[in-house]
Amino acid sequence: MILTVTPNPALDVTYTVPHFRPHTSHRVTGIAAQAGGKGVNVARVLTALGRPARCVLPLGGPTGEAVRTELAAAGLDHAAVPVAGDTRRTVAVVDTADATMFNEPGPALAPAEWDALLAETERHLPQAAVLVLSGSLPPGAPADGYAQLVTLGRGFDVPVVLDADGPALLAALPARPTAVKPNAAELTAATGLPDPHDAARTLLRRGAESVLASLGPDGLLAVDAHGAWRCAPPAAVTGNPTGAGDSAVAALAAGLSGNAGWSAILPDAVALSAATVLHPRAGHFDDDAYHRLRHSLTAARLGAASPSGW
């Protein structure tokens, strides 16, 4: 089972419009609402792939109840930590070319509520093959919140994948996450370096054991102590990029659970990410496109590698 922790979940609302333009009115042609947050998206993708996954997340208020109801309706295994504040919402406005996001900050967690989230995570770790930590930290969470969760996972000898940015990412690196997954902009923001390979090496020196960097239409770059690997789709994919990074994390976690190397993980992650862009909602993917791309992609090794690929 792959365990995902989403400290700042949301009810994701998606509006579909023919063409989005700021400063004007729009006629919405489609509305969807589902449980969201990056870790929930990861678990949703894994479940669709037939891989057992369980979500741990704090939920509160009427919006939290709506999230809980949708998780159950979707058949997503979850363990909710009750909190006093109302769970946040996000709104994605999607047209044929891209998506525009509006993200609420989320409710503040009291210290006891954060401790309860840690305790709930620890309760499920003995059954976990991989621990995935995803998304923003909510108001009230400690600055080293992800470091605490990484340490918890590593204490159970469970590989830990961290998908966070900014201070939350930097504070977690000394705890030595197995893999971190920033995008190109997050890499530059964390290191001040414009080159993704140089920036990834900096994160390794600061404590990450490996880095999987999202480079948008240029695919993915993986860097660890043994070398670097690249994989990209054959052509740019247009649609809703929301959730593409979460699908890459799902592929990474699935690969880690099976001790796969980058040569297997990268094509799977690129194919799954691209197939997610083709679907209007995060946490879902175009199954035909995924399988077609998966069989056409290979990873290019850019540096010396260990026999295992790691």
# chains A, B, ... in the order shown; residues from 1 in each chain; ligands from 1
call {"tool": "residues_around", "arguments": {"residues": "A:Ser214", "least_positions_apart": "5", "cutoff": "7 Å", "atoms": "only C-alpha atoms", "output": "mmCIF file with N, CA, C and O atoms, in the first residue's frame"}}
result
data_model
loop_
_atom_site.group_PDB
_atom_site.id
_atom_site.type_symbol
_atom_site.label_atom_id
_atom_site.label_comp_id
_atom_site.auth_asym_id
_atom_site.auth_seq_id
_atom_site.Cartn_x
_atom_site.Cartn_y
_atom_site.Cartn_z
ATOM 1 N N PRO A 182 10.302 18.742 -7.434
ATOM 2 C CA PRO A 182 9.968 20.122 -7.782
ATOM 3 C C PRO A 182 9.783 20.274 -9.284
ATOM 4 O O PRO A 182 10.205 19.420 -10.067
ATOM 5 N N ASN A 183 9.147 21.372 -9.692
ATOM 6 C CA ASN A 183 9.167 21.716 -11.109
ATOM 7 C C ASN A 183 10.316 22.697 -11.362
ATOM 8 O O ASN A 183 11.048 23.066 -10.433
ATOM 9 N N ALA A 184 10.484 23.120 -12.603
ATOM 10 C CA ALA A 184 11.638 23.951 -12.946
ATOM 11 C C ALA A 184 11.633 25.271 -12.173
ATOM 12 O O ALA A 184 12.668 25.713 -11.663
ATOM 13 N N GLY A 219 9.398 17.401 -20.459
ATOM 14 C CA GLY A 219 9.401 16.118 -19.764
ATOM 15 C C GLY A 219 9.978 16.181 -18.365
ATOM 16 O O GLY A 219 9.737 17.135 -17.620
ATOM 17 N N LEU A 220 10.736 15.166 -18.009
ATOM 18 C CA LEU A 220 11.239 14.997 -16.648
ATOM 19 C C LEU A 220 12.746 14.784 -16.649
ATOM 20 O O LEU A 220 13.304 14.144 -17.553
ATOM 21 N N LEU A 221 13.377 15.298 -15.612
ATOM 22 C CA LEU A 221 14.796 15.096 -15.367
ATOM 23 C C LEU A 221 14.945 14.424 -14.008
ATOM 24 O O LEU A 221 14.380 14.900 -13.013
ATOM 25 N N GLY A 245 1.822 16.931 -12.429
ATOM 26 C CA GLY A 245 2.909 16.628 -11.501
ATOM 27 C C GLY A 245 2.533 15.573 -10.484
ATOM 28 O O GLY A 245 3.372 14.746 -10.087
#
call {"tool": "select_by_dssp", "arguments": {"residues": "stretch 86-121 of chain A", "states": "alpha helix (DSSP H)", "output": "NGL selection string"}}
result
:A and (111-121)
call {"tool": "closest_residue", "arguments": {"among": "A:Leu212, A:Ala10, A:Val40, A:Ala251", "to": "A:Arg89", "atoms": "only C-alpha atoms"}}
result
A:Ala10
call {"tool": "residues_around", "arguments": {"residues": "A:Ala264", "least_positions_apart": "6", "cutoff": "12 Å", "atoms": "only C-alpha atoms", "output": "list of chain:residue names"}}
result
A:Ala222, A:Trp229, A:Arg230, A:Cys231, A:Ala251, A:Leu252, A:Ala254, A:Gly255, A:Leu256, A:Gly258, A:Val270, A:Ala271, A:Arg294, A:His295, A:Leu297, A:Thr298, A:Ala299, A:Ala300, A:Arg301, A:Ser308, A:Gly309, A:Trp310
call {"tool": "residues_around", "arguments": {"residues": "stretch 170-179 of chain A", "least_positions_apart": "2", "cutoff": "7 Å", "atoms": "only C-alpha atoms", "output": "JSON, numbers by chain"}}
result
{"A": [144, 146, 147, 150, 151, 159, 160, 161, 162, 166, 167, 168, 181, 206, 207, 208, 209, 210, 211, 212]}
call {"tool": "atom_distance", "arguments": {"atom1": "atom CA of A:Cys55", "atom2": "atom CA of A:Val42"}}
result
9.1 Å
call {"tool": "residues_around", "arguments": {"residues": "A:Met101", "least_positions_apart": "5", "cutoff": "10 Å", "atoms": "only C-alpha atoms", "output": "PyMOL selection string"}}
result
chain A and resi 13-14+90-94+242
call {"tool": "write_last_selection", "arguments": {"atoms": "C-alpha atoms", "output": "tab-separated table (two decimals), in the first residue's frame"}}
result
chain	number	residue	atom	x	y	z
A	13	VAL	CA	-14.08	22.68	-8.27
A	14	THR	CA	-13.47	22.69	-12.03
A	90	THR	CA	-9.80	25.40	-5.10
A	91	VAL	CA	-11.28	26.54	-8.39
A	92	ALA	CA	-9.79	25.62	-11.78
A	93	VAL	CA	-11.08	27.39	-14.87
A	94	VAL	CA	-10.19	25.17	-17.82
A	242	THR	CA	-3.34	20.68	-13.21
call {"tool": "closest_residue", "arguments": {"among": "A:Val45, A:Ala213, A:Gln34, A:Arg154", "to": "A:Glu122", "atoms": "only C-alpha atoms"}}
result
A:Arg154
call {"tool": "residues_around", "arguments": {"residues": "stretch 130-142 of chain A", "least_positions_apart": "2", "cutoff": "6 Å", "atoms": "only C-alpha atoms", "output": "list in words"}}
result
Ile2, Leu3, Thr4, Val5, Thr6, Pro7, Asn8, Lys38, Gly39, Gly106, Ala108, Leu109, Ala128, Asp144, Gly145, Val158, Pro159, Val160, Val161, Leu162, Asp163 and Ala164 of chain A
call {"tool": "write_last_selection", "arguments": {"atoms": "N, CA, C and O atoms", "output": "mmCIF file, in the first residue's frame"}}
result
data_model
loop_
_atom_site.group_PDB
_atom_site.id
_atom_site.type_symbol
_atom_site.label_atom_id
_atom_site.label_comp_id
_atom_site.auth_asym_id
_atom_site.auth_seq_id
_atom_site.Cartn_x
_atom_site.Cartn_y
_atom_site.Cartn_z
ATOM 1 N N ILE A 2 0.528 2.224 -0.825
ATOM 2 C CA ILE A 2 1.224 3.513 -0.846
ATOM 3 C C ILE A 2 0.412 4.502 -0.030
ATOM 4 O O ILE A 2 -0.781 4.693 -0.274
ATOM 5 N N LEU A 3 1.053 5.097 0.950
ATOM 6 C CA LEU A 3 0.389 6.018 1.872
ATOM 7 C C LEU A 3 0.675 7.445 1.435
ATOM 8 O O LEU A 3 1.833 7.832 1.267
ATOM 9 N N THR A 4 -0.381 8.230 1.240
ATOM 10 C CA THR A 4 -0.204 9.639 0.894
ATOM 11 C C THR A 4 -0.712 10.506 2.044
ATOM 12 O O THR A 4 -1.743 10.203 2.647
ATOM 13 N N VAL A 5 0.026 11.567 2.322
ATOM 14 C CA VAL A 5 -0.390 12.530 3.337
ATOM 15 C C VAL A 5 -0.575 13.880 2.654
ATOM 16 O O VAL A 5 0.331 14.383 1.979
ATOM 17 N N THR A 6 -1.759 14.452 2.817
ATOM 18 C CA THR A 6 -2.093 15.754 2.245
ATOM 19 C C THR A 6 -2.432 16.692 3.390
ATOM 20 O O THR A 6 -3.568 16.711 3.875
ATOM 21 N N PRO A 7 -1.469 17.476 3.886
ATOM 22 C CA PRO A 7 -1.747 18.322 5.049
ATOM 23 C C PRO A 7 -2.752 19.436 4.789
ATOM 24 O O PRO A 7 -3.357 19.951 5.725
ATOM 25 N N ASN A 8 -2.932 19.817 3.498
ATOM 26 C CA ASN A 8 -3.818 20.937 3.178
ATOM 27 C C ASN A 8 -4.759 20.536 2.036
ATOM 28 O O ASN A 8 -4.672 21.054 0.923
ATOM 29 N N LYS A 38 -2.841 17.654 -3.495
ATOM 30 C CA LYS A 38 -1.896 16.893 -4.304
ATOM 31 C C LYS A 38 -1.811 15.417 -3.904
ATOM 32 O O LYS A 38 -1.770 14.531 -4.755
ATOM 33 N N GLY A 39 -1.797 15.145 -2.611
ATOM 34 C CA GLY A 39 -1.713 13.750 -2.183
ATOM 35 C C GLY A 39 -2.955 12.954 -2.524
ATOM 36 O O GLY A 39 -2.869 11.757 -2.830
ATOM 37 N N GLY A 106 -6.553 27.580 3.093
ATOM 38 C CA GLY A 106 -6.795 26.456 3.996
ATOM 39 C C GLY A 106 -6.932 26.908 5.433
ATOM 40 O O GLY A 106 -6.460 27.977 5.823
ATOM 41 N N ALA A 108 -6.349 27.117 9.493
ATOM 42 C CA ALA A 108 -5.191 26.992 10.381
ATOM 43 C C ALA A 108 -5.349 25.760 11.267
ATOM 44 O O ALA A 108 -6.428 25.508 11.811
ATOM 45 N N LEU A 109 -4.270 24.996 11.411
ATOM 46 C CA LEU A 109 -4.287 23.834 12.293
ATOM 47 C C LEU A 109 -3.714 24.206 13.657
ATOM 48 O O LEU A 109 -2.662 24.841 13.746
ATOM 49 N N ALA A 128 2.762 0.483 4.977
ATOM 50 C CA ALA A 128 3.092 1.280 3.796
ATOM 51 C C ALA A 128 4.366 0.796 3.118
ATOM 52 O O ALA A 128 5.358 0.487 3.772
ATOM 53 N N ASP A 144 8.900 23.171 10.055
ATOM 54 C CA ASP A 144 9.590 21.918 9.719
ATOM 55 C C ASP A 144 8.616 20.745 9.673
ATOM 56 O O ASP A 144 9.007 19.600 9.890
ATOM 57 N N GLY A 145 7.345 21.034 9.346
ATOM 58 C CA GLY A 145 6.323 19.982 9.348
ATOM 59 C C GLY A 145 6.676 18.818 8.450
ATOM 60 O O GLY A 145 6.522 17.651 8.841
ATOM 61 N N VAL A 158 10.678 3.306 5.420
ATOM 62 C CA VAL A 158 9.785 3.469 4.273
ATOM 63 C C VAL A 158 10.346 4.571 3.378
ATOM 64 O O VAL A 158 10.656 5.659 3.864
ATOM 65 N N PRO A 159 10.511 4.325 2.069
ATOM 66 C CA PRO A 159 10.930 5.402 1.172
ATOM 67 C C PRO A 159 9.926 6.548 1.214
ATOM 68 O O PRO A 159 8.712 6.322 1.265
ATOM 69 N N VAL A 160 10.441 7.776 1.191
ATOM 70 C CA VAL A 160 9.584 8.955 1.307
ATOM 71 C C VAL A 160 9.753 9.836 0.078
ATOM 72 O O VAL A 160 10.867 10.248 -0.255
ATOM 73 N N VAL A 161 8.636 10.131 -0.590
ATOM 74 C CA VAL A 161 8.601 11.048 -1.726
ATOM 75 C C VAL A 161 7.982 12.354 -1.247
ATOM 76 O O VAL A 161 6.882 12.350 -0.675
ATOM 77 N N LEU A 162 8.675 13.460 -1.483
ATOM 78 C CA LEU A 162 8.191 14.768 -1.049
ATOM 79 C C LEU A 162 7.950 15.658 -2.267
ATOM 80 O O LEU A 162 8.860 15.878 -3.072
ATOM 81 N N ASP A 163 6.722 16.161 -2.390
ATOM 82 C CA ASP A 163 6.370 17.110 -3.442
ATOM 83 C C ASP A 163 5.911 18.398 -2.772
ATOM 84 O O ASP A 163 4.737 18.561 -2.432
ATOM 85 N N ALA A 164 6.858 19.282 -2.534
ATOM 86 C CA ALA A 164 6.583 20.554 -1.879
ATOM 87 C C ALA A 164 7.529 21.585 -2.470
ATOM 88 O O ALA A 164 8.455 21.255 -3.218
#
call {"tool": "residues_around", "arguments": {"residues": "stretch 75-79 of chain A", "least_positions_apart": "4", "cutoff": "10 Å", "atoms": "only C-alpha atoms", "output": "PyMOL selection string"}}
result
chain A and resi 3-5+35+40+43-44+46-48+52-59+68+70-71+117+120-121+124
call {"tool": "write_last_selection", "arguments": {"atoms": "C-alpha atoms", "output": "PDB file, in the first residue's frame"}}
result
ATOM      1  CA  LEU A   3       0.389   6.018   1.872  1.00  0.00           C
ATOM      2  CA  THR A   4      -0.204   9.639   0.894  1.00  0.00           C
ATOM      3  CA  VAL A   5      -0.390  12.530   3.337  1.00  0.00           C
ATOM      4  CA  ALA A  35     -11.814  15.698  -3.244  1.00  0.00           C
ATOM      5  CA  VAL A  40      -5.347  12.936  -2.888  1.00  0.00           C
ATOM      6  CA  ALA A  43      -3.883   8.332  -4.497  1.00  0.00           C
ATOM      7  CA  ARG A  44      -6.660   8.719  -7.075  1.00  0.00           C
ATOM      8  CA  LEU A  46      -2.685   5.039  -8.130  1.00  0.00           C
ATOM      9  CA  THR A  47      -6.129   3.589  -7.441  1.00  0.00           C
ATOM     10  CA  ALA A  48      -7.064   3.938 -11.113  1.00  0.00           C
ATOM     11  CA  PRO A  52      -3.537   0.128  -3.376  1.00  0.00           C
ATOM     12  CA  ALA A  53      -3.275   3.611  -1.886  1.00  0.00           C
ATOM     13  CA  ARG A  54      -4.516   5.262   1.291  1.00  0.00           C
ATOM     14  CA  CYS A  55      -4.963   8.991   1.977  1.00  0.00           C
ATOM     15  CA  VAL A  56      -4.303  10.594   5.352  1.00  0.00           C
ATOM     16  CA  LEU A  57      -5.656  14.129   5.551  1.00  0.00           C
ATOM     17  CA  PRO A  58      -7.194  16.645   7.980  1.00  0.00           C
ATOM     18  CA  LEU A  59     -10.833  17.487   7.287  1.00  0.00           C
ATOM     19  CA  ARG A  68     -15.115  12.904   2.846  1.00  0.00           C
ATOM     20  CA  GLU A  70     -16.599  12.220  -2.434  1.00  0.00           C
ATOM     21  CA  LEU A  71     -13.643  10.125  -1.266  1.00  0.00           C
ATOM     22  CA  LEU A 117      -2.016  14.194  11.805  1.00  0.00           C
ATOM     23  CA  GLU A 120      -2.511   9.089  12.205  1.00  0.00           C
ATOM     24  CA  THR A 121       0.325   8.885   9.683  1.00  0.00           C
ATOM     25  CA  HIS A 124      -0.580   3.478   8.944  1.00  0.00           C
TER      26      HIS A 124
END
call {"tool": "select_by_dssp", "arguments": {"residues": "stretch 47-233 of chain A", "states": "strand (DSSP E)", "output": "ChimeraX atom specification"}}
result
/A:53-59,77-82,88-94,99-103,130-134,160-163,179-180,210-214,220-224,227-231
call {"tool": "closest_residue", "arguments": {"among": "A:Gly50, A:Pro82, A:Gly216, A:Pro280", "to": "A:Gly30", "atoms": "only C-alpha atoms"}}
result
A:Pro280
call {"tool": "atom_distance", "arguments": {"atom1": "atom CA of A:Pro126", "atom2": "atom CA of A:Ala112"}}
result
22.8 Å
call {"tool": "closest_residue", "arguments": {"among": "A:Arg205, A:Arg88, A:Leu49, A:Val180", "to": "A:Asp287", "atoms": "only C-alpha atoms"}}
result
A:Leu49
